[in-house]
Each structure stands twice: as C-alpha cells, then as structure tokens.
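Remarks on the structure that follows.
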Amino acid sequence: MNDYNQGELLKNINFPEDLKKLSKDKLPQLCDEVREYIIEVLAKNPGHLGSSLGTVELTVALHYVFDVPNDSLIWDVGHQAYSHKVLTGRKDDFQTIRKLNGISGFPKTSESKYDCFGTGHSSTSISAALGMAIADKLKGNKNNEHIAVIGDGSMTGGMAFEALNHAGDTDANLLIILNDNGISIDKKVGAMSEYFTAITTSATYNRIKNKIWNMLGGNTPSYSKHKTLVSRSTFALKSMFSGKSNFFEALRIRYFGPIIGDNVLSLIKTFEDLKKINGPKILHIITKKGKGMKEAEENPTTYHAPGYFNPKTGEIEKGNLKESTPTKFQDVFGETLVELAKVNDKIVGITPAMLSGCSMNKLMEVFPERTFDVGIAEQHAVTLSAAMAAKGLIPFCNIYSSFMQRAYDQVIHDVALQNLPVIICLDRAGLVGEDGATHHGMFDLSFLRLVPNLTIFAPLNEIELRNILYTAQKNIHSPLVIRYPRGRGYLNEWRKDFEEIEIGKGEKIRDGKDIAILSLGTIGNNALIAAKELSEEGIEVSIYNMRFLKPMDTSLLEEVLNGFKNIITIEDGVEIGGFGSAVAEYAIDKKYKNNIYRIGLKDNFVEQGSIQELQKLCRLDPHSLVLKVKEIISK
Ligand SMILES: Cc1ncc(C[n+]2csc(CCOP(=O)(O)OP(=O)(O)O)c2C)c(N)n1
C-alpha cells in the first residue's frame, strides 16, 4: 500500500470531516491531488477513468457542503464515484479497486456507510434518492437533503423519467445533479441530449427561465391545474413543444443552471444556496469527461475504461498481445454482422448505449442508417426490435446479459408471446470479471429458459458464434437468443466460410468411457482442458457440447443417459433453473436414475476479480473440474 504519491493535502484527508476542516482556498489544490491520485492508481489498475476525472470538483464540493450519510448521496451507475471513495475512508483501499477481495468499482452499501445506495446499472439514482427523501419525511427528518448525481447518458434511461414524473408531484427534498459531459460511453444519442445542448447554449432560454418559473407559480406544492402525474407529463411535453418552458420545470422540478461543474468554489456557493431551497430541484452542471488528462479529454470513448496506460503520457499500453491473439467475441460479432448485412439488406442492428462495447460501431460505420443506438433504454431496444421484426426486418438486438434483466417483460410480452423473429445477442454473458456483482451475466440462462418460443444458443467458440449469426439471418421464424462471454476467444482463425447450424443439435466433442460432461457455451473449453489432464492419469471423459439450452438435443441427451452412470453438467450461470436443471428435469421426467452432478454458480452474488480468479473461486476452472471428476469416479 501507499506506493502512490497522495499529495500534501490528500495524505491527511481520510473522511469528509477532514475535508470540511480545510479552508476553501485549499480546495482547488486538493482537487488536483485527488485527480492525480486517481490517474496514478488507474494507470496500473484499470477502471473507469474518464467519468471519475470529470467529477472530482463535484465530489469535493458535495462533501464540503453536505453531511453524508445524513444527507443521502446517490451516484447513478457509480462509475464516476472514485473520488467519493477516496474521500470517504477508502483512500488506501482505492489501490485495490475492482480487484479480487478489493473494493468494488461501484458504490456498495456493505462497503461503506457513505455509499448510501448500491448502483452499477444506470438510471436508478433519482428513484433511490426520492425514496429516501420520502422515507426521511415520514420519519420526521425534515432537513436532510437527498442528492442524485446522474449523467446526461443515464438520463436517457426510462426509469429516470419515471422518477422525475413522480418527483415533481412531491415536495420531497431532492436535489438532482445532472452531470452533463455531453457524452455517454459513445457519442450522445437522442432528442433529450439535443435538448440539453439547446438549454445549455441558449441565452434566451436562460434569460426567460426564471420568469417562466415564477409565472408557473414556482415551487408551491398546491397547484390544482396540473395535479395528476399523467397530466403533469402532458403539460411538460406541451411546454417543451411550445418552447415556453423547461422540461424539468414543466414537471415542477425547479431547474438551476447550467453552470460550470469543474469550479469547486462556485459549486460550493451554489450548493450552499440550494441547501436553503426545499422541494425537488435539479442543478445542471457542465463537466468534462476525462478532465485533467489530455488524451482522455480528447478521446472520451476510449478513455471511459482504457485499461493499462502510462500515467504521464496517457498512452494506452497494448500489453503483450501478439498478432495471433484470438479476437474478442464482441469483435467476431461486430465483424460478422457487417459481413452478413452486406448481403442481407433486411438486417438491422439495435443497441442500448453499448455501441462500441458490443462492437456494433462496426455496423454503424458501414450502414449508419441500419444501426440504432437508442440510449440506455434496454426495454425500448427490445420492443423496437420486436416491431421491426413484425415489419419483416431482421433485427440483431445486442444487450449485455446483465442489462437484459431490465427488459425481461419486453422479451416475454413483445417478442416471445408474438413469436417475433428477433435475434437477441447477449454479450458479456457469464462472469465478466472486474465489474463485479452488478455486471455478471449469470442469470440469463435461468430466466430465459422458462419463456416459451425462445431458442437459446451458447457457442463453444468464435466459429460457432459466427455460424449461428449466419444461421439466424438465413432462416429465422421465431426469436433466438445467442449468449456469449466477454473477452477473447479460443481460436486464432475464425474467418472461415459460413456453415449453417442445425437448430436444437448438440455435438459430442470428445470421446471417453468413464464419465460424461455436458457443457453449454464457452465454459466447455475448460472441460476440454480438464479432460486432457485426466486422460494423462488414465481417466477418459466424454464431452458433449450441447449448444442449445432450448430446444435441448434430447436424442443426444438420451445417448448420454443410456451410456453413462455419472454425468456432470457445467455452465457459467446460476445452477438454479439453468442448463444443469434442464438436464436433470429431463432425466427425472423420463425416469432415469443416473447420477447427475450440476456445476455452475451457487446461490449467491459473485464479487469482482479477474475472470480466471472468479472461475477458480466458483470452481468452474479446469483444475476444479479435474478434482470433481476424480471425486465422483472414486465413489
Ligand atoms: C442499465 C445499464 N445499461 C448500460 C450500462 C452501461 N453504462 C455504464 S456507464 C454508461 C454511460 C453513462 O453515461 P453518463 O451517465 O453520461 O455518464 P458518463 O459516463 O458520461 O460520466 C453506460 C451506458 C449500465 N451501467 N446500466
């Protein structure tokens, strides 16, 4: 610990109480030191850089003026809260951020009392702050403030709008800070972001806004004309269209700003003023993603989470990756989609704000008119795709597995129930590593398996991913889910001629007499490594790459159930209700008496660490498999 220079002021500051003791004129220096420290630590220990560099002054000012956790402070997504972690008792631990047994990359209530509400998925902060404000009011704590810090990207999420609509109907002590850096991970999308730019730059707007506010009756709780939530939204929209008011004010949330968000002293002054105003209010601040590091300011998408970099020059270290290093799954997806879209003009791509994350930016470059980044709006992405399929297009809707949790009903109600041929691509399925519990894609197999009409496929490797993408667009009549993991593949060569995959067909990929392992997806590669090691010790394992969770290849399953007493299933998802459960249910229904051992993720959340470390921890790694097979065979 403490290999890093913490700066003259920062070295004596551990908690907000220490910060509050500093005179205001020292705060700009403290901000510089915090920023420096974040850069130094993240250079060697990758994390979310750009967003956290942009919020240093905001964090210092918030902790200087407010009294967290008596005042609630909720960071939307939480990837911008690194200075908050540094200033709230985790300065040294910050060096372990996102590491196994280290601190989380996101706010987490079990980690610190200063993390008032856990985040990781976006657009939750306003609901959470509002809930706390209402709770405090009911408990008689009238003076506490409840602060939601939300980015312009996260403000595109539907849940943020739902919360705004409700907030305006309350007199809750809510301060929403709209942290507008003009970018999400990729370039900003949507009409709302255009609107932010308009109100940021329009002098006329800024002149008239206070007048309008007063004209509307200000923040008086009783106004009968626009009482219901529905009429309030309608009023807001009408006001927007007529150009007479500000969207937030029309929702009766008092709007302040926009102001510069990286001047710590003026932020403090503004917060001191806002503290005196009760009720829901929004402060619009303009910040710079990547502030203080030239390269990060100039390339905010790359420096959102840049990996290892040189702290002095900002240059990203490519590591020791050789030319022949397997391609990332996301790039196999992106490049194959472009290839297919060139010959099939019905193909469209839809992503909720993960354009470069899932490599759909490749499609965007070639076919911008057929690529849709819809903002952080997973529910909308799925229903939009369903409707496009209803009109005969072939939508590839790519959503990270854990974010798909947001759009479960849309998959059931809009896609599956209508049996619409949407190709739902779940990137980052299984364990994702350093992002931790909020981001592991560990539930998808279980929560999708029970939905009628879905076909669910998990490729063993890049070639299978490529071939299923080809198969999907060639001959699709019902919804298809394709789930694949984060990171690099297993093969150096995957750009082969396309081969169609037979729906519902698995494959035996290794022959052995002693025990059978049934695998689903890329985790089967661990089974292959384990089988090789076991073979050297005279234990011969058959491996079946089942490929489809649904429909399951029951003839292959029959072959296994009839041929082996001991059967292991392995999956990188939760055991409950997943692939192993499907196999076991089939065996029970058909009255088989085999020993079936399920290997998957247990019934608890998995924290952060490298994927390899986490596989070990969860006993999904090859060595644990070897031990498990030996244990079973010796019984
Ligand atoms: C539900 C959900 N979808 C997608 C993401 C991935 N994600 C993390 S940060 C981010 C961009 C957020 O943009 P903004 O709120 O403007 O913050 P900034 O990164 O610009 O600081 C996205 C899309 C997420 N965390 N949660």
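Ordering of the structure tokens sets the chain letters (A, B, ...); residue numbers start at 1 within each chain; ligands are numbered from 1 in the order shown.
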Identify, with DSSP run on backbone atoms, the residues in range 440-558 of chain A assigned to strand (DSSP E), and express the list as number ranges by chain.
-> A: 455-457, 480-483, 507-510, 515-519, 541-545, 548-550
Which residues sit within 6 Å of ligand 1, counting only C-alpha atoms and all ligand atoms, listed as a compact mmCIF listing (two decimals) with N, CA and C atoms, in the first residue's frame?
# COMPACT_ATOMS: atom_id res chain seq x y z
N SER A 51 -14.99 9.21 -16.53
CA SER A 51 -16.11 9.77 -15.78
C SER A 51 -15.66 10.26 -14.41
N VAL A 77 -25.15 4.91 -11.79
CA VAL A 77 -24.15 3.94 -12.29
C VAL A 77 -23.05 3.77 -11.25
N GLN A 80 -18.51 6.99 -11.73
CA GLN A 80 -17.89 8.32 -11.62
C GLN A 80 -17.59 8.65 -10.16
N GLY A 120 -24.71 0.55 -10.21
CA GLY A 120 -23.92 -0.22 -11.20
C GLY A 120 -24.67 -0.19 -12.53
N HIS A 121 -25.96 -0.47 -12.43
CA HIS A 121 -26.84 -0.30 -13.60
C HIS A 121 -27.36 1.14 -13.56
N SER A 122 -27.62 1.69 -14.73
CA SER A 122 -27.87 3.13 -14.77
C SER A 122 -29.32 3.52 -14.51
N ILE A 150 -26.55 12.28 -11.63
CA ILE A 150 -26.87 11.46 -12.81
C ILE A 150 -26.30 12.11 -14.08
N GLY A 151 -25.68 11.30 -14.91
CA GLY A 151 -25.08 11.80 -16.15
C GLY A 151 -26.11 12.02 -17.23
N ASP A 152 -25.73 12.77 -18.25
CA ASP A 152 -26.66 13.01 -19.36
C ASP A 152 -26.98 11.71 -20.08
N GLY A 153 -26.02 10.78 -20.13
CA GLY A 153 -26.29 9.47 -20.74
C GLY A 153 -27.31 8.70 -19.93
N SER A 154 -27.12 8.68 -18.63
CA SER A 154 -28.02 7.90 -17.77
C SER A 154 -29.41 8.52 -17.72
N ASN A 181 -21.72 15.88 -19.38
CA ASN A 181 -20.42 15.98 -20.06
C ASN A 181 -20.59 15.75 -21.55
N ILE A 183 -21.62 13.33 -23.28
CA ILE A 183 -21.32 12.03 -23.90
C ILE A 183 -21.76 10.92 -22.96
N SER A 184 -22.16 9.79 -23.56
CA SER A 184 -22.43 8.60 -22.76
C SER A 184 -21.12 7.81 -22.82
N ILE A 185 -21.12 6.51 -23.14
CA ILE A 185 -19.82 5.87 -23.41
C ILE A 185 -19.45 6.27 -24.83
N ALA A 353 -27.04 1.80 -25.98
CA ALA A 353 -25.89 2.55 -25.44
C ALA A 353 -24.58 1.76 -25.32
N MET A 354 -24.50 0.59 -25.93
CA MET A 354 -23.24 -0.14 -25.87
C MET A 354 -22.66 -0.34 -27.26
N ILE A 376 -29.58 4.54 -23.17
CA ILE A 376 -29.63 3.48 -22.15
C ILE A 376 -31.09 3.08 -21.95
N PHE A 403 -27.66 -6.37 -18.34
CA PHE A 403 -28.59 -5.26 -18.61
C PHE A 403 -29.90 -5.77 -19.20
Assign secondary structure with DSSP using the backbone only, and return the residues of range 409-471 of chain A in alpha helix (DSSP H) as JSON, numbers by chain.
-> {"A": [409, 444, 445, 446, 447, 448, 449, 462, 463, 464, 465, 466, 467, 468, 469, 470, 471]}
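Residue neighbourhood of Thr569 in chain A, excluding near-sequence residues (fewer than 3 positions): Ile517, Leu518, Ser519, Phe579, Gly580, Val583, Ile596, Tyr597, Arg598 and Ile599 of chain A, at 8 Å, using only C-alpha atoms.
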For the residues in that selection, give me N, CA and C atoms as an mmCIF file, in the first residue's frame.
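For reference, out19.cif as written:
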data_model
loop_
_atom_site.group_PDB
_atom_site.id
_atom_site.type_symbol
_atom_site.label_atom_id
_atom_site.label_comp_id
_atom_site.auth_asym_id
_atom_site.auth_seq_id
_atom_site.Cartn_x
_atom_site.Cartn_y
_atom_site.Cartn_z
ATOM 1 N N ILE A 517 -19.319 -35.312 -19.538
ATOM 2 C CA ILE A 517 -19.551 -33.914 -19.158
ATOM 3 C C ILE A 517 -20.404 -33.272 -20.250
ATOM 4 N N LEU A 518 -21.526 -32.712 -19.831
ATOM 5 C CA LEU A 518 -22.365 -31.954 -20.763
ATOM 6 C C LEU A 518 -22.094 -30.483 -20.512
ATOM 7 N N SER A 519 -21.733 -29.762 -21.564
ATOM 8 C CA SER A 519 -21.434 -28.344 -21.347
ATOM 9 C C SER A 519 -22.286 -27.474 -22.253
ATOM 10 N N PHE A 579 -28.966 -24.698 -17.089
ATOM 11 C CA PHE A 579 -28.726 -25.810 -18.005
ATOM 12 C C PHE A 579 -28.742 -27.158 -17.283
ATOM 13 N N GLY A 580 -28.010 -27.221 -16.158
ATOM 14 C CA GLY A 580 -27.980 -28.477 -15.395
ATOM 15 C C GLY A 580 -29.366 -28.858 -14.921
ATOM 16 N N VAL A 583 -31.251 -30.465 -17.740
ATOM 17 C CA VAL A 583 -30.846 -31.862 -17.959
ATOM 18 C C VAL A 583 -31.466 -32.755 -16.881
ATOM 19 N N ILE A 596 -26.507 -37.271 -11.561
ATOM 20 C CA ILE A 596 -26.248 -36.030 -12.304
ATOM 21 C C ILE A 596 -25.669 -34.990 -11.346
ATOM 22 N N TYR A 597 -24.494 -34.500 -11.663
ATOM 23 C CA TYR A 597 -23.814 -33.502 -10.816
ATOM 24 C C TYR A 597 -23.816 -32.173 -11.564
ATOM 25 N N ARG A 598 -24.438 -31.183 -10.968
ATOM 26 C CA ARG A 598 -24.504 -29.878 -11.637
ATOM 27 C C ARG A 598 -23.362 -28.978 -11.174
ATOM 28 N N ILE A 599 -22.654 -28.393 -12.127
ATOM 29 C CA ILE A 599 -21.625 -27.413 -11.775
ATOM 30 C C ILE A 599 -21.998 -26.092 -12.438
#
Polymer residues at most 8 Å from range 470-477 of chain A, only C-alpha atoms, same-chain spacing of 5 or more positions, as a ChimeraX atom specification | /A:340,344,347,394,419-421,423,498-501
Keeping only N, CA and C atoms, write those residues as a compact mmCIF listing (two decimals), in the first residue's frame.
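So selection-v3.txt came out as:
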# COMPACT_ATOMS: atom_id res chain seq x y z
N LEU A 340 -22.60 -10.02 -42.93
CA LEU A 340 -23.95 -10.51 -43.23
C LEU A 340 -24.84 -9.38 -43.75
N ASN A 344 -27.44 -9.20 -46.84
CA ASN A 344 -28.85 -9.31 -46.45
C ASN A 344 -29.32 -7.92 -45.99
N ILE A 347 -31.20 -6.91 -42.54
CA ILE A 347 -30.55 -6.88 -41.22
C ILE A 347 -30.44 -5.45 -40.69
N ILE A 394 -34.82 -7.99 -40.05
CA ILE A 394 -34.15 -8.99 -39.21
C ILE A 394 -33.29 -8.25 -38.19
N ASN A 419 -44.11 -14.36 -30.90
CA ASN A 419 -43.22 -15.23 -31.68
C ASN A 419 -42.50 -14.48 -32.80
N LEU A 420 -41.98 -13.33 -32.45
CA LEU A 420 -41.35 -12.50 -33.47
C LEU A 420 -39.86 -12.83 -33.61
N PRO A 421 -39.40 -12.94 -34.83
CA PRO A 421 -38.01 -13.38 -35.05
C PRO A 421 -36.97 -12.29 -34.78
N ILE A 423 -33.34 -11.45 -33.09
CA ILE A 423 -32.13 -12.15 -32.67
C ILE A 423 -31.55 -11.36 -31.50
N PHE A 498 -19.02 -19.67 -43.94
CA PHE A 498 -20.13 -19.90 -43.03
C PHE A 498 -20.68 -21.33 -43.17
N GLU A 499 -21.09 -21.88 -42.04
CA GLU A 499 -21.79 -23.17 -42.08
C GLU A 499 -23.05 -23.02 -41.26
N GLU A 500 -24.12 -23.54 -41.79
CA GLU A 500 -25.38 -23.41 -41.05
C GLU A 500 -25.37 -24.34 -39.83
N ILE A 501 -25.94 -23.88 -38.74
CA ILE A 501 -26.04 -24.72 -37.54
C ILE A 501 -27.45 -25.27 -37.46
Skip Glu607 in chain A itself and residues of its chain fewer than 5 positions away, then list as JSON, numbers by chain all residues within 8 Å of it, counting only C-alpha atoms.
-> {"A": [100, 104, 436, 437]}
Can you spit out the residues from that selection as a PDB file, in the first residue's frame, using all heavy atoms?
ATOM      1  N   LEU A 100      -9.870  -8.750  -6.904  1.00  0.00           N
ATOM      2  CA  LEU A 100     -10.392  -9.795  -6.025  1.00  0.00           C
ATOM      3  C   LEU A 100     -10.113  -9.403  -4.575  1.00  0.00           C
ATOM      4  O   LEU A 100      -8.978  -9.038  -4.239  1.00  0.00           O
ATOM      5  CB  LEU A 100      -9.703 -11.126  -6.350  1.00  0.00           C
ATOM      6  CG  LEU A 100     -10.220 -12.354  -5.616  1.00  0.00           C
ATOM      7  CD1 LEU A 100     -11.620 -12.726  -6.104  1.00  0.00           C
ATOM      8  CD2 LEU A 100      -9.276 -13.540  -5.812  1.00  0.00           C
ATOM      9  N   SER A 104     -15.032  -2.479  -4.384  1.00  0.00           N
ATOM     10  CA  SER A 104     -15.807  -2.563  -5.619  1.00  0.00           C
ATOM     11  C   SER A 104     -15.600  -1.315  -6.482  1.00  0.00           C
ATOM     12  O   SER A 104     -15.283  -0.239  -5.967  1.00  0.00           O
ATOM     13  CB  SER A 104     -17.282  -2.703  -5.236  1.00  0.00           C
ATOM     14  OG  SER A 104     -18.094  -2.433  -6.348  1.00  0.00           O
ATOM     15  N   GLY A 436     -17.729  -6.877 -11.480  1.00  0.00           N
ATOM     16  CA  GLY A 436     -18.314  -7.464 -10.282  1.00  0.00           C
ATOM     17  C   GLY A 436     -19.801  -7.752 -10.316  1.00  0.00           C
ATOM     18  O   GLY A 436     -20.418  -7.886 -11.377  1.00  0.00           O
ATOM     19  N   ALA A 437     -20.362  -7.802  -9.104  1.00  0.00           N
ATOM     20  CA  ALA A 437     -21.698  -8.375  -8.892  1.00  0.00           C
ATOM     21  C   ALA A 437     -22.803  -7.735  -9.730  1.00  0.00           C
ATOM     22  O   ALA A 437     -23.725  -8.420 -10.164  1.00  0.00           O
ATOM     23  CB  ALA A 437     -22.058  -8.285  -7.411  1.00  0.00           C
TER      24      ALA A 437
END
Min atom-atom distance to Ala198 in chain A from the set A:Asn12, A:Thr55, A:Phe548, A:Asn246, counting only C-alpha atoms, belongs to A:Asn246
Polymer residues at most 10 Å from Arg428 in chain A, only C-alpha atoms, same-chain spacing of 2 or more positions, as a ChimeraX atom specification = /A:329-330,357-358,399-403,425-426,430-433,439-442,483-487
Would you list the contacts of range 626-630 of chain A as a PyMOL selection string, taking every protein, DNA or RNA residue within 12 Å and counting only C-alpha atoms, but skipping same-chain residues closer than 3 positions in sequence?
-> chain A and resi 514-517+526-542+566-570+596-599+619-623+633-635
